[in-house]
Every structure is written in C-alpha cells, then in structure tokens.
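**Q** To be precise about what I am sending: the file is called entry28.cif and holds mmCIF, C-alpha atoms and all ligand atoms.
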```cif
data_my_file
#
loop_
_atom_site.label_atom_id
_atom_site.label_comp_id
_atom_site.auth_asym_id
_atom_site.auth_seq_id
_atom_site.Cartn_x
_atom_site.Cartn_y
_atom_site.Cartn_z
CA MET A 1 -50.88 -23.99 11.29
CA ALA A 2 -51.01 -20.56 9.77
CA PHE A 3 -53.51 -21.00 7.00
CA TYR A 4 -56.45 -22.92 5.58
CA HIS A 5 -55.68 -25.88 3.36
CA SER A 6 -57.79 -28.50 1.63
CA ALA A 7 -56.80 -31.66 -0.20
CA GLY A 8 -58.50 -34.53 -1.98
CA ASN A 9 -62.28 -34.78 -2.22
CA ILE A 10 -64.51 -33.07 0.31
CA PRO A 11 -68.24 -32.34 0.17
CA GLN A 12 -69.45 -28.89 -0.70
CA LYS A 13 -70.55 -28.20 2.88
CA ARG A 14 -69.62 -29.64 6.25
CA HIS A 15 -71.80 -32.29 7.86
CA ILE A 16 -73.83 -33.26 4.83
CA ARG A 17 -74.19 -36.57 2.99
CA PHE A 18 -71.00 -37.52 1.15
CA PHE A 19 -71.45 -40.69 -0.88
CA LYS A 20 -68.80 -43.10 -2.04
CA LYS A 21 -68.59 -44.03 -5.71
CA ASP A 22 -71.37 -46.60 -5.31
CA GLY A 23 -73.78 -43.73 -4.62
CA LYS A 24 -75.20 -45.53 -1.58
CA SER A 25 -72.63 -45.85 1.20
CA LEU A 26 -71.26 -42.83 3.00
CA TYR A 27 -67.76 -41.61 3.76
CA ARG A 28 -67.21 -41.03 7.48
CA GLU A 29 -66.54 -37.48 8.55
CA GLU A 30 -64.14 -36.97 11.47
CA HIS A 31 -63.89 -33.53 13.07
CA CYS A 32 -60.41 -33.11 14.62
CA SER A 33 -60.48 -30.17 16.99
CA SER A 34 -58.23 -28.42 19.48
CA ARG A 35 -59.08 -26.46 22.62
CA GLY A 36 -62.50 -28.08 22.62
CA PHE A 37 -64.29 -26.40 19.74
CA SER A 38 -62.48 -23.07 20.15
CA GLY A 39 -59.09 -23.78 18.51
CA ILE A 40 -58.01 -24.71 15.02
CA TYR A 41 -59.49 -27.86 13.50
CA ALA A 42 -59.68 -30.09 10.45
CA ASN A 43 -62.42 -32.22 8.94
CA LYS A 44 -61.31 -35.52 7.47
CA TYR A 45 -63.36 -37.92 5.36
CA HIS A 46 -62.58 -41.61 5.85
CA ILE A 47 -63.50 -44.69 3.88
CA HIS A 48 -63.92 -46.57 7.19
CA GLU A 49 -65.08 -45.46 10.61
CA PRO A 50 -61.95 -44.14 12.39
CA THR A 51 -63.18 -45.77 15.61
CA ARG A 52 -62.82 -49.35 14.37
CA VAL A 53 -60.38 -51.13 16.70
CA LEU A 54 -59.89 -54.90 17.00
CA SER A 55 -57.96 -54.89 20.28
CA ILE A 56 -56.03 -52.66 22.67
CA SER A 57 -53.25 -53.87 24.94
CA GLU A 58 -50.65 -52.09 27.05
CA ILE A 59 -47.03 -52.52 25.97
CA ASN A 60 -43.74 -51.68 27.62
CA ALA A 61 -42.79 -48.02 27.69
CA PRO A 62 -39.21 -47.13 26.62
CA ALA A 63 -36.58 -47.86 29.22
CA ASP A 64 -35.50 -44.27 29.85
CA VAL A 65 -34.54 -43.91 33.51
CA SER A 66 -34.90 -40.66 35.39
CA TRP A 67 -31.66 -39.43 36.96
CA ASP A 68 -33.24 -38.02 40.09
CA ALA A 69 -29.93 -37.33 41.82
CA ALA A 70 -28.64 -35.14 38.98
CA PRO A 71 -26.91 -32.10 40.52
CA HIS A 72 -28.17 -28.64 39.65
CA GLN A 73 -25.24 -27.59 37.47
CA TYR A 74 -24.06 -26.82 33.94
CA TYR A 75 -24.28 -29.77 31.55
CA HIS A 76 -22.74 -30.64 28.22
CA PHE A 77 -23.60 -34.05 26.82
CA LEU A 78 -22.97 -35.81 23.55
CA THR A 79 -25.98 -37.34 21.87
CA ASP A 80 -23.91 -39.40 19.43
CA GLU A 81 -21.99 -41.10 22.25
CA HIS A 82 -24.34 -44.11 22.63
CA PRO A 83 -26.41 -44.04 19.46
CA GLY A 84 -28.48 -47.18 20.01
CA GLY A 85 -30.75 -47.70 17.02
CA GLY A 86 -34.22 -48.83 16.07
CA ASP A 87 -37.11 -47.45 14.06
CA PHE A 88 -38.63 -43.96 14.28
CA VAL A 89 -40.36 -44.90 17.52
CA SER A 90 -38.14 -47.47 19.22
CA ALA A 91 -34.91 -45.54 18.57
CA ARG A 92 -35.98 -42.59 20.75
CA ARG A 93 -33.97 -41.93 23.87
CA THR A 94 -35.26 -39.20 26.12
CA TYR A 95 -32.55 -37.03 27.70
CA LEU A 96 -34.53 -34.13 29.19
CA TYR A 97 -38.14 -33.85 30.25
CA ASN A 98 -40.73 -32.27 32.47
CA ASP A 99 -44.53 -32.37 32.56
CA HIS A 100 -44.78 -30.20 29.43
CA CYS A 101 -41.73 -30.99 27.35
CA ALA A 102 -39.40 -33.84 26.40
CA VAL A 103 -36.24 -33.86 24.28
CA SER A 104 -35.36 -37.20 22.74
CA ILE A 105 -32.76 -38.31 20.20
CA ALA A 106 -33.20 -41.14 17.70
CA HIS A 107 -30.50 -42.70 15.52
CA VAL A 108 -32.84 -44.54 13.18
CA ASP A 109 -31.52 -47.65 11.45
CA SER A 110 -34.70 -49.47 10.45
CA ASP A 111 -38.23 -48.78 9.20
CA ALA A 112 -41.34 -49.75 11.13
CA GLU A 113 -44.35 -51.51 9.67
CA TYR A 114 -46.61 -50.04 12.36
CA PHE A 115 -48.08 -46.58 12.81
CA PHE A 116 -47.60 -44.20 15.72
CA ARG A 117 -49.82 -41.69 17.47
CA ASN A 118 -48.94 -39.47 20.42
CA ALA A 119 -52.16 -38.92 22.34
CA TYR A 120 -51.12 -36.09 24.63
CA ALA A 121 -48.04 -34.50 23.10
CA HIS A 122 -47.49 -32.43 20.00
CA GLU A 123 -44.21 -33.33 18.34
CA LEU A 124 -41.57 -31.34 16.52
CA ILE A 125 -39.12 -33.60 14.71
CA PHE A 126 -35.84 -31.95 13.74
CA VAL A 127 -34.13 -33.89 10.96
CA HIS A 128 -30.43 -33.65 11.70
CA LYS A 129 -29.38 -36.38 9.29
CA GLY A 130 -31.11 -38.50 6.69
CA THR A 131 -33.76 -38.21 4.03
CA GLY A 132 -37.12 -39.91 3.77
CA THR A 133 -40.86 -39.37 3.95
CA VAL A 134 -43.31 -38.84 6.77
CA PHE A 135 -46.75 -40.27 6.04
CA THR A 136 -49.86 -39.13 7.90
CA GLU A 137 -53.61 -39.29 7.41
CA TYR A 138 -53.25 -35.89 5.71
CA GLY A 139 -50.73 -36.97 3.09
CA ARG A 140 -46.97 -37.10 2.88
CA ASN A 141 -43.97 -34.82 3.30
CA SER A 142 -40.52 -35.72 2.05
CA PHE A 143 -37.80 -34.53 4.41
CA SER A 144 -34.10 -33.77 4.37
CA PRO A 145 -31.60 -32.37 6.86
CA GLY A 146 -32.73 -29.20 8.59
CA ASP A 147 -36.43 -29.96 8.24
CA GLN A 148 -38.61 -29.39 11.29
CA ILE A 149 -41.71 -31.54 11.05
CA VAL A 150 -44.55 -30.38 13.27
CA ILE A 151 -47.06 -33.11 14.07
CA PRO A 152 -50.15 -32.18 16.09
CA ALA A 153 -51.09 -34.45 18.99
CA GLY A 154 -53.44 -37.21 17.96
CA THR A 155 -52.08 -37.48 14.41
CA THR A 156 -51.38 -40.99 13.16
CA TYR A 157 -48.10 -41.14 11.29
CA GLN A 158 -45.23 -43.24 10.06
CA VAL A 159 -41.68 -42.33 9.01
CA GLN A 160 -39.69 -44.08 6.29
CA PHE A 161 -36.06 -43.30 5.47
CA ASP A 162 -34.50 -43.55 2.01
CA ASP A 163 -31.57 -45.52 3.44
CA PHE A 164 -29.95 -46.29 6.77
CA SER A 165 -26.43 -45.02 6.29
CA LYS A 166 -26.74 -42.13 8.73
CA ASN A 167 -30.05 -40.96 10.18
CA LYS A 168 -30.66 -38.84 13.22
CA LEU A 169 -33.83 -37.21 14.47
CA VAL A 170 -34.38 -34.89 17.43
CA PHE A 171 -37.88 -35.22 18.91
CA ILE A 172 -39.31 -32.37 20.97
CA GLU A 173 -42.61 -33.14 22.62
CA SER A 174 -44.92 -30.46 23.96
CA SER A 175 -48.09 -30.67 26.02
CA THR A 176 -49.46 -27.70 24.07
CA ALA A 177 -49.34 -26.89 20.36
CA PHE A 178 -46.29 -25.45 18.59
CA GLU A 179 -47.71 -22.05 17.69
CA ILE A 180 -46.45 -19.45 15.24
CA PRO A 181 -45.75 -16.49 17.56
CA ARG A 182 -48.60 -14.01 17.74
CA ARG A 183 -46.21 -11.13 17.14
CA TYR A 184 -45.32 -12.61 13.71
CA ARG A 185 -48.94 -12.38 12.49
CA ASN A 186 -51.44 -9.65 11.72
CA GLU A 187 -54.98 -9.51 13.09
CA TYR A 188 -56.10 -11.92 10.35
CA GLY A 189 -53.40 -14.46 11.15
CA GLN A 190 -51.31 -13.67 8.06
CA MET A 191 -47.55 -13.58 8.59
CA LEU A 192 -46.23 -10.03 8.87
CA GLU A 193 -43.55 -8.59 6.58
CA SER A 194 -41.31 -8.30 9.63
CA ALA A 195 -41.53 -11.99 10.55
CA PRO A 196 -38.43 -14.15 9.98
CA TYR A 197 -40.40 -16.63 7.88
CA CYS A 198 -43.69 -16.67 6.02
CA GLU A 199 -46.37 -18.98 4.70
CA ARG A 200 -44.32 -19.91 1.61
CA ASP A 201 -41.73 -21.48 3.91
CA LEU A 202 -44.28 -23.83 5.51
CA ARG A 203 -44.78 -27.03 3.55
CA SER A 204 -48.25 -28.54 3.81
CA PRO A 205 -48.69 -32.30 3.23
CA LEU A 206 -48.90 -33.49 -0.36
CA PHE A 207 -52.14 -35.36 -0.69
CA SER A 208 -51.80 -39.14 -0.99
CA GLU A 209 -54.47 -41.36 -2.49
CA PRO A 210 -56.41 -43.12 0.28
CA VAL A 211 -55.41 -46.66 1.16
CA ASP A 212 -58.52 -48.84 1.13
CA LYS A 213 -57.29 -51.98 2.85
CA THR A 214 -58.77 -54.14 5.56
CA GLY A 215 -56.93 -56.73 7.64
CA GLU A 216 -54.87 -56.14 10.77
CA PHE A 217 -52.83 -52.98 11.21
CA ARG A 218 -50.75 -52.13 14.29
CA LEU A 219 -50.77 -48.70 15.83
CA VAL A 220 -48.52 -47.81 18.76
CA LEU A 221 -50.18 -45.15 20.88
CA LYS A 222 -48.28 -43.18 23.48
CA ALA A 223 -50.52 -41.86 26.25
CA GLY A 224 -48.20 -39.91 28.54
CA PRO A 225 -45.93 -42.39 30.31
CA ARG A 226 -48.01 -45.41 29.21
CA TRP A 227 -47.82 -47.06 25.81
CA PHE A 228 -50.45 -49.17 24.05
CA GLU A 229 -50.79 -51.30 20.95
CA HIS A 230 -54.00 -50.89 18.99
CA LYS A 231 -54.91 -53.37 16.30
CA LEU A 232 -57.07 -51.74 13.66
CA ASP A 233 -59.13 -53.64 11.11
CA HIS A 234 -58.30 -51.15 8.38
CA HIS A 235 -55.38 -49.10 7.10
CA PRO A 236 -55.46 -45.76 8.99
CA PHE A 237 -54.56 -43.68 5.94
CA ASP A 238 -57.97 -44.10 4.34
CA VAL A 239 -58.73 -40.37 4.05
CA VAL A 240 -60.23 -39.32 0.70
CA GLY A 241 -60.06 -35.62 1.54
CA TRP A 242 -59.72 -33.11 4.33
CA ASP A 243 -59.66 -29.40 5.02
CA GLY A 244 -58.98 -26.97 7.82
CA TYR A 245 -56.13 -25.41 9.75
CA LEU A 246 -55.01 -28.37 11.89
CA TYR A 247 -52.50 -30.55 10.05
CA PRO A 248 -48.79 -31.44 10.05
CA PHE A 249 -46.35 -29.20 8.23
CA VAL A 250 -42.62 -28.81 7.65
CA PHE A 251 -40.33 -25.80 8.02
CA ASN A 252 -36.62 -26.01 7.22
CA ILE A 253 -34.14 -24.25 9.49
CA ARG A 254 -32.39 -22.88 6.36
CA ASP A 255 -35.55 -20.94 5.52
CA PHE A 256 -35.39 -18.97 8.77
CA CYS A 257 -34.30 -15.41 7.88
CA PRO A 258 -32.30 -14.08 10.81
CA ILE A 259 -32.91 -10.65 12.25
CA VAL A 260 -29.67 -8.83 13.05
CA GLY A 261 -28.96 -5.55 14.80
CA LYS A 262 -26.42 -2.80 15.34
CA VAL A 263 -25.66 -4.37 18.72
CA HIS A 264 -26.28 -7.89 19.96
CA GLN A 265 -29.89 -9.02 19.61
CA PRO A 266 -31.46 -11.19 22.34
CA PRO A 267 -32.69 -14.74 21.69
CA PRO A 268 -36.32 -13.73 20.97
CA VAL A 269 -35.15 -12.71 17.47
CA HIS A 270 -34.44 -16.41 16.91
CA LEU A 271 -37.93 -17.50 17.98
CA VAL A 272 -39.59 -19.99 15.63
CA PHE A 273 -42.48 -21.50 17.61
CA GLU A 274 -43.87 -20.89 21.06
CA THR A 275 -45.80 -23.21 23.33
CA ALA A 276 -47.46 -22.49 26.67
CA HIS A 277 -44.43 -23.86 28.54
CA PHE A 278 -41.34 -23.31 26.39
CA VAL A 279 -40.05 -21.51 23.32
CA TYR A 280 -38.26 -23.06 20.35
CA CYS A 281 -35.60 -21.06 18.47
CA ASN A 282 -33.34 -21.48 15.43
CA PHE A 283 -29.82 -20.08 15.32
CA VAL A 284 -28.70 -19.80 11.71
CA PRO A 285 -25.82 -18.27 9.74
CA ARG A 286 -26.06 -14.49 9.93
CA LEU A 287 -24.11 -11.28 9.78
CA PHE A 288 -22.84 -10.04 13.12
CA ASP A 289 -23.77 -6.77 14.82
CA PHE A 290 -22.48 -3.74 12.93
CA HIS A 291 -21.85 -1.10 15.61
CA PRO A 292 -18.11 -0.26 15.22
CA GLU A 293 -17.51 -1.26 18.83
CA ALA A 294 -19.96 -4.14 19.00
CA ILE A 295 -19.22 -7.33 20.89
CA PRO A 296 -21.01 -9.66 18.54
CA ILE A 297 -21.59 -12.60 20.88
CA PRO A 298 -23.82 -12.92 23.94
CA TYR A 299 -23.11 -11.32 27.27
CA PHE A 300 -23.32 -13.33 30.46
CA HIS A 301 -26.92 -14.07 31.25
CA SER A 302 -29.00 -15.14 34.23
CA ASN A 303 -32.38 -16.31 33.06
CA TYR A 304 -34.44 -16.37 36.24
CA ASP A 305 -37.46 -18.01 34.61
CA SER A 306 -35.97 -20.62 32.31
CA ASP A 307 -33.77 -23.63 31.89
CA GLU A 308 -31.89 -23.06 28.63
CA VAL A 309 -31.07 -25.91 26.25
CA LEU A 310 -29.00 -25.68 23.08
CA TYR A 311 -28.65 -28.46 20.52
CA TYR A 312 -25.69 -27.86 18.21
CA VAL A 313 -26.39 -28.80 14.60
CA GLU A 314 -23.35 -27.69 12.60
CA GLY A 315 -20.76 -24.96 12.21
CA GLU A 316 -18.50 -23.51 14.85
CA PHE A 317 -20.59 -22.15 17.67
CA MET A 318 -19.65 -18.58 18.43
CA SER A 319 -19.64 -18.51 22.23
CA ARG A 320 -18.70 -22.04 23.33
CA SER A 321 -15.53 -24.10 23.20
CA GLY A 322 -15.59 -27.88 23.03
CA VAL A 323 -19.07 -28.28 21.61
CA GLY A 324 -19.67 -30.00 18.29
CA GLU A 325 -22.33 -31.61 16.14
CA GLY A 326 -24.87 -33.35 18.34
CA SER A 327 -23.71 -31.63 21.54
CA VAL A 328 -26.35 -30.41 23.96
CA THR A 329 -25.78 -27.87 26.69
CA LEU A 330 -28.18 -27.31 29.55
CA HIS A 331 -27.83 -24.17 31.65
CA PRO A 332 -30.46 -24.30 34.37
CA ALA A 333 -32.19 -21.38 36.04
CA GLY A 334 -30.42 -19.90 39.02
CA MET A 335 -26.98 -20.10 37.40
CA PRO A 336 -25.43 -17.48 35.11
CA HIS A 337 -24.16 -18.66 31.74
CA GLY A 338 -22.09 -17.03 29.05
CA PRO A 339 -19.16 -17.13 26.65
CA HIS A 340 -16.20 -19.34 27.32
CA PRO A 341 -12.81 -17.77 28.12
CA GLY A 342 -11.32 -15.96 25.15
CA LYS A 343 -14.49 -16.12 23.06
CA ILE A 344 -15.47 -12.47 23.63
CA GLU A 345 -12.05 -11.18 22.58
CA ALA A 346 -11.92 -13.57 19.63
CA ALA A 347 -15.34 -12.41 18.40
CA ILE A 348 -14.48 -8.71 18.21
CA GLY A 349 -14.27 -7.64 14.60
CA LYS A 350 -15.83 -10.85 13.24
CA LYS A 351 -18.40 -10.23 10.54
CA GLU A 352 -20.53 -13.37 10.48
CA THR A 353 -21.27 -16.74 12.00
CA LYS A 354 -22.08 -19.95 10.18
CA GLU A 355 -23.58 -21.77 13.15
CA TYR A 356 -26.80 -23.79 13.12
CA ALA A 357 -28.34 -24.62 16.49
CA LEU A 358 -31.70 -25.21 18.15
CA MET A 359 -32.65 -23.63 21.43
CA ILE A 360 -35.34 -24.61 23.90
CA ASP A 361 -36.01 -22.35 26.86
CA THR A 362 -38.43 -23.99 29.27
CA PHE A 363 -40.50 -22.12 31.83
CA GLU A 364 -40.42 -25.03 34.29
CA PRO A 365 -37.39 -27.00 35.50
CA LEU A 366 -36.17 -29.85 33.33
CA LYS A 367 -35.42 -33.29 34.70
CA LEU A 368 -32.61 -35.45 33.36
CA THR A 369 -32.39 -39.13 32.48
CA THR A 370 -29.41 -41.41 32.90
CA HIS A 371 -28.65 -40.91 29.17
CA VAL A 372 -27.31 -37.48 30.21
CA ARG A 373 -25.22 -39.00 33.01
CA ASP A 374 -23.81 -41.59 30.59
CA SER A 375 -22.84 -39.12 27.86
CA MET A 376 -21.87 -35.95 29.71
CA GLU A 377 -18.57 -34.13 29.75
CA GLU A 378 -17.66 -34.26 33.43
CA ASP A 379 -15.46 -31.17 33.35
CA TYR A 380 -17.93 -28.88 31.59
CA LEU A 381 -18.98 -27.21 34.85
CA ARG A 382 -15.38 -26.01 35.28
CA SER A 383 -14.96 -24.90 31.66
CA TRP A 384 -15.14 -21.17 32.46
CA LEU A 385 -12.06 -21.29 34.69
CA PRO A 386 -9.00 -19.53 33.24
CA GLY A 387 -6.34 -21.65 31.61
FE FE B 1 -29.24 -17.22 27.97
#
```
How does this structure look as structure tokens?
**A**
Amino acid sequence: MAFYHSAGNIPQKRHIRFFKKDGKSLYREEHCSSRGFSGIYANKYHIHEPTRVLSISEINAPADVSWDAAPHQYYHFLTDEHPGGGDFVSARRTYLYNDHCAVSIAHVDSDAEYFFRNAYAHELIFVHKGTGTVFTEYGRNSFSPGDQIVIPAGTTYQVQFDDFSKNKLVFIESSTAFEIPRRYRNEYGQMLESAPYCERDLRSPLFSEPVDKTGEFRLVLKAGPRWFEHKLDHHPFDVVGWDGYLYPFVFNIRDFCPIVGKVHQPPPVHLVFETAHFVYCNFVPRLFDFHPEAIPIPYFHSNYDSDEVLYYVEGEFMSRSGVGEGSVTLHPAGMPHGPHPGKIEAAIGKKETKEYALMIDTFEPLKLTTHVRDSMEEDYLRSWLPG
C-alpha cells in the first residue's frame, strides 16, 4: 500500500501493555510483516490470540485440470461459456497459471459462512459484475463493478454479495505483492503528479467493530496447490485496532487516468501494479493519438519476454474482431500479435475509444487448464487471414 493508515484503538507505542476494558487482561498484538522485517507491515491488536486453532485437516483442492498438451498458439476463450457457480472460493475456475501467477474466474451465486486465507499468494480481485462487501481483519470495503480489490497474502477475508442475479469476479494470484510502480512515486513514496492515479483513488478499509465471539469458525486456507480447513475457537475478525502500511485496499478501473500521446503509446502507460513476475494494466476509455497522420491502434508486436493476456471488460475493443465481454486472449511469447484485418484502416481518423480491458503480461510462460480447451474459439489462430 502507498501510505500509512490506522484504525480503531491502538496503544500509544508499539509493543507495550494494552489492556482490555477490564484493566487486567491484555489485547494480543500481531505483527504482520513482509520480506522478513524489511518490507511493509501492520500491527493488529486482537481480543484473542490469533494462533488459537481447534483442528487442521486437508481438504480437496479445486478440480482444475492442467491441459499439458495445449499447443503453443494464439488463444481466445470465453469465460462465460461454462459459468459453474458457488461461493467466492468454490466458484473459482483457474484458466491460466504458472509458478508465480494464476488467473481464475468465478461466477458467484451463493455466500459462504466460512473465511478464506491464501497463504502464499497475493490476490487481486477484479469485480466485473455484482455489488457487495469484502470483510477482512482490517475492516470492510463495499465493492461495485470495476473495483480491483488487492488482498495481501495471509489476510483472512470473506466476500458477501448484495444479491445473486449476476456476479462475476476475476481472481489474479501473485507469488509476490502487487506493488504501485516505483516510477509513479517520489523518494518518499508519495504518488507523483505524473502518475495515472493517486492516493485519493485508493480506498482503505472502513474500520469494523471487532467481533468478540467464541465457538467454532471455519477457515479455508490455500497453501499453494494444497487446501486445508482450520477450525478456530474464535471469530477471526476480533481486531480492535491496527496500523501500518500492509492492508487490503480497493482501486476502481474508472479512476485510472489514461496517459495519451501524439502517436501510439506503448502498454507501460496502462500499468497499474507490478509484481516480480508480471505486470497488471488497465485499458480505459481515452482520446486517441493526435498526430494528424497517427494510426491510433497498436502495431504488430513480438514480445520476446512475455506471454500477453487480455481480459475484455466492456466496450468495443479497438484492435480485435470477435471478442466481447468476458473474452480472454492469450498471445504467447515467440509469436507476433497485432490488429485484426481491417482494424488499422478502420481506426484511422477515430478520436477515442470506450474500451475497458485488463492486461497481464507475464515474464514466465503460462500453462493452460482444460477450462481453456473447453471454452476456446477454435478458429482464432486463423483469424488474421484475409477474408
Ligand atoms: Fe503486445
């Protein structure tokens, strides 16, 4: 996160006695750190010891099946084709993954009574459809379409929707934190004037009163490919106060202010967050390039270091035919990609685009699951042929 935040009640200094209302028993301080003790951190104050667990048992991992024989080719697949269903955890279907990244889609049609924690992966949840609230130990954030909810690894959370008429989430997991790009910040960490978003666009959690309940509470914990059920003897959201830099936050794609140029600007102008192994970008409505002879859509591109993934949110996408809401294209390294036939000519003279899309460029090859095989457009690889 970009800045310091505190909420609820915290003691005047760290690591000193902090008494409950009875004046005798102590709140339990938990130091949540990253990169050992060198990265950002938070200090949380619990009513109960956060280590109190009744039982731990392994449970079945989701039934996503790797498609190991997937050809190295262009892909277009439709994530609404086989929507499935379930709660904010069980509805996830992973389409693309590698050791550092996973892209999953969830059509959520029920709430869960349990809590979830991802031990090894940071999560970015893009809300494509639906409204609701995400609850964490740090508080709550209401969400609506376009919100991008960043949840640090190790955070216990739960998602509740307002209704189940039409909900869709895109989960992007990362083995390292979603960082605000260094080039968007000054030497003190403050967002620069030239950055496409600033601190006011980042929504910190609203503090929620601690839940002081004992009993039996289920927590589903994902530890890489293995999943576990923890039974806690207390409600995990028992935090009376916290402070620091490490906490979930929300940024809406509509708050991204696009940077445009006289001629076509490369994808780094769309950068939102970077991780050690991939970048995450937002494409938003913007004015096109204003050179009188500009071609306002991308040129053909060979990205020698990346697999490029685009998730289409809404609006007509400027350089591709046949893609729509919920489409994903994957253009792997080693193969040039670019505008579909006729798109360059059609773009000349256009003044603006109204597209919304997400882009993930990974620095290591992506693997596919059979969800891609089962929802892909077979002919996409031939879609650049004339006629
Ligand atoms: Fe590209």
**Q** Which residues are near ligand FE 1 (chain B) - at most 10 Å, using only C-alpha atoms and all ligand atoms? Format: as a VMD selection string.
**A** chain A and resid 266 to 267 298 to 304 306 to 310 331 to 333 336 to 338 359 361
**Q** Quick one: pull the distance between CA of Phe317 (chain A) and CA of Glu355 (chain A), Å, one decimal.
**A**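 Separation of CA of Phe317 (chain A) and CA of Glu355 (chain A): 5.4 Å.
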**Q** Place a sphere of radius 8 Å on (-30.0, -23.5, 13.6) in the file coordinates and name every protein, DNA or RNA residue with an atom inside or on its surface, counting all atoms listed in the file; give the answer as a list in words.
**A** Ile253, Arg254, Cys281, Asn282, Phe283, Val284, Pro285, Tyr312, Val313, Glu314, Glu355, Tyr356, Ala357 and Leu358 of chain A
**Q** Quick one, how far is CA of Ile172 (chain A) from CA of Phe126 (chain A)?
**A** 8.0 Å
**Q** Go through A:Thr214, A:Thr353, A:Ser34, A:Ser327 one by one, measure the shortest atom-to-atom distance of each to Leu287 (chain A) using only C-alpha atoms, and give the residue with the smallest value.
**A**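 Closest candidate: A:Thr353.
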**Q** With a distance cut-off of 7 Å and all atoms listed in the file, select the neighbouring residues of His264 (chain A), excluding the residue or stretch itself and same-chain residues fewer than 5 positions from it, and output the selection as number ranges by chain.
**A** A: 289, 296-298
**Q** Keeping only C-alpha atoms, write the selected residues to a file as a PDB file, in the coordinates of the input.
**A**
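Once written, selection-v3.pdb looks like this:
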```pdb
ATOM      1  CA  ASP A 289     -23.770  -6.770  14.820  1.00  0.00           C
ATOM      2  CA  PRO A 296     -21.010  -9.660  18.540  1.00  0.00           C
ATOM      3  CA  ILE A 297     -21.590 -12.600  20.880  1.00  0.00           C
ATOM      4  CA  PRO A 298     -23.820 -12.920  23.940  1.00  0.00           C
TER       5      PRO A 298
END
```
**Q** With distances taken over all atoms listed in the file, which of A:Gly132, A:Thr370, A:Gly387, A:Phe88 is nearest to Trp67 (chain A)?
**A**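 Looking only at the distances to Trp67 (chain A), the closest residue turns out to be A:Thr370.
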**Q** In Å, how far is it from CA of Lys222 (chain A) to CA of Arg93 (chain A)?
**A**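 Spanning CA of Lys222 (chain A) to CA of Arg93 (chain A) is a straight-line distance of 14.4 Å.
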**Q** Kindly indicate which residue among A:Phe18, A:Gly224, A:Tyr95, A:Pro292 lies nearest to His82 (chain A), using only C-alpha atoms for the distances.
**A**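 Among the listed residues, A:Tyr95 lies closest to His82 (chain A).
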**Q** Here is a test: counting all atoms listed in the file, which residue of A:Arg28, A:His107, A:Arg226, A:Arg140 is nearest to Ser208 (chain A)?
**A** A:Arg140
**Q** Write out as number ranges by chain the residues lying within 7 Å of Asn118 (chain A), counting only C-alpha atoms and excluding same-chain residues fewer than 4 positions away.
**A** A: 153-154, 221-223
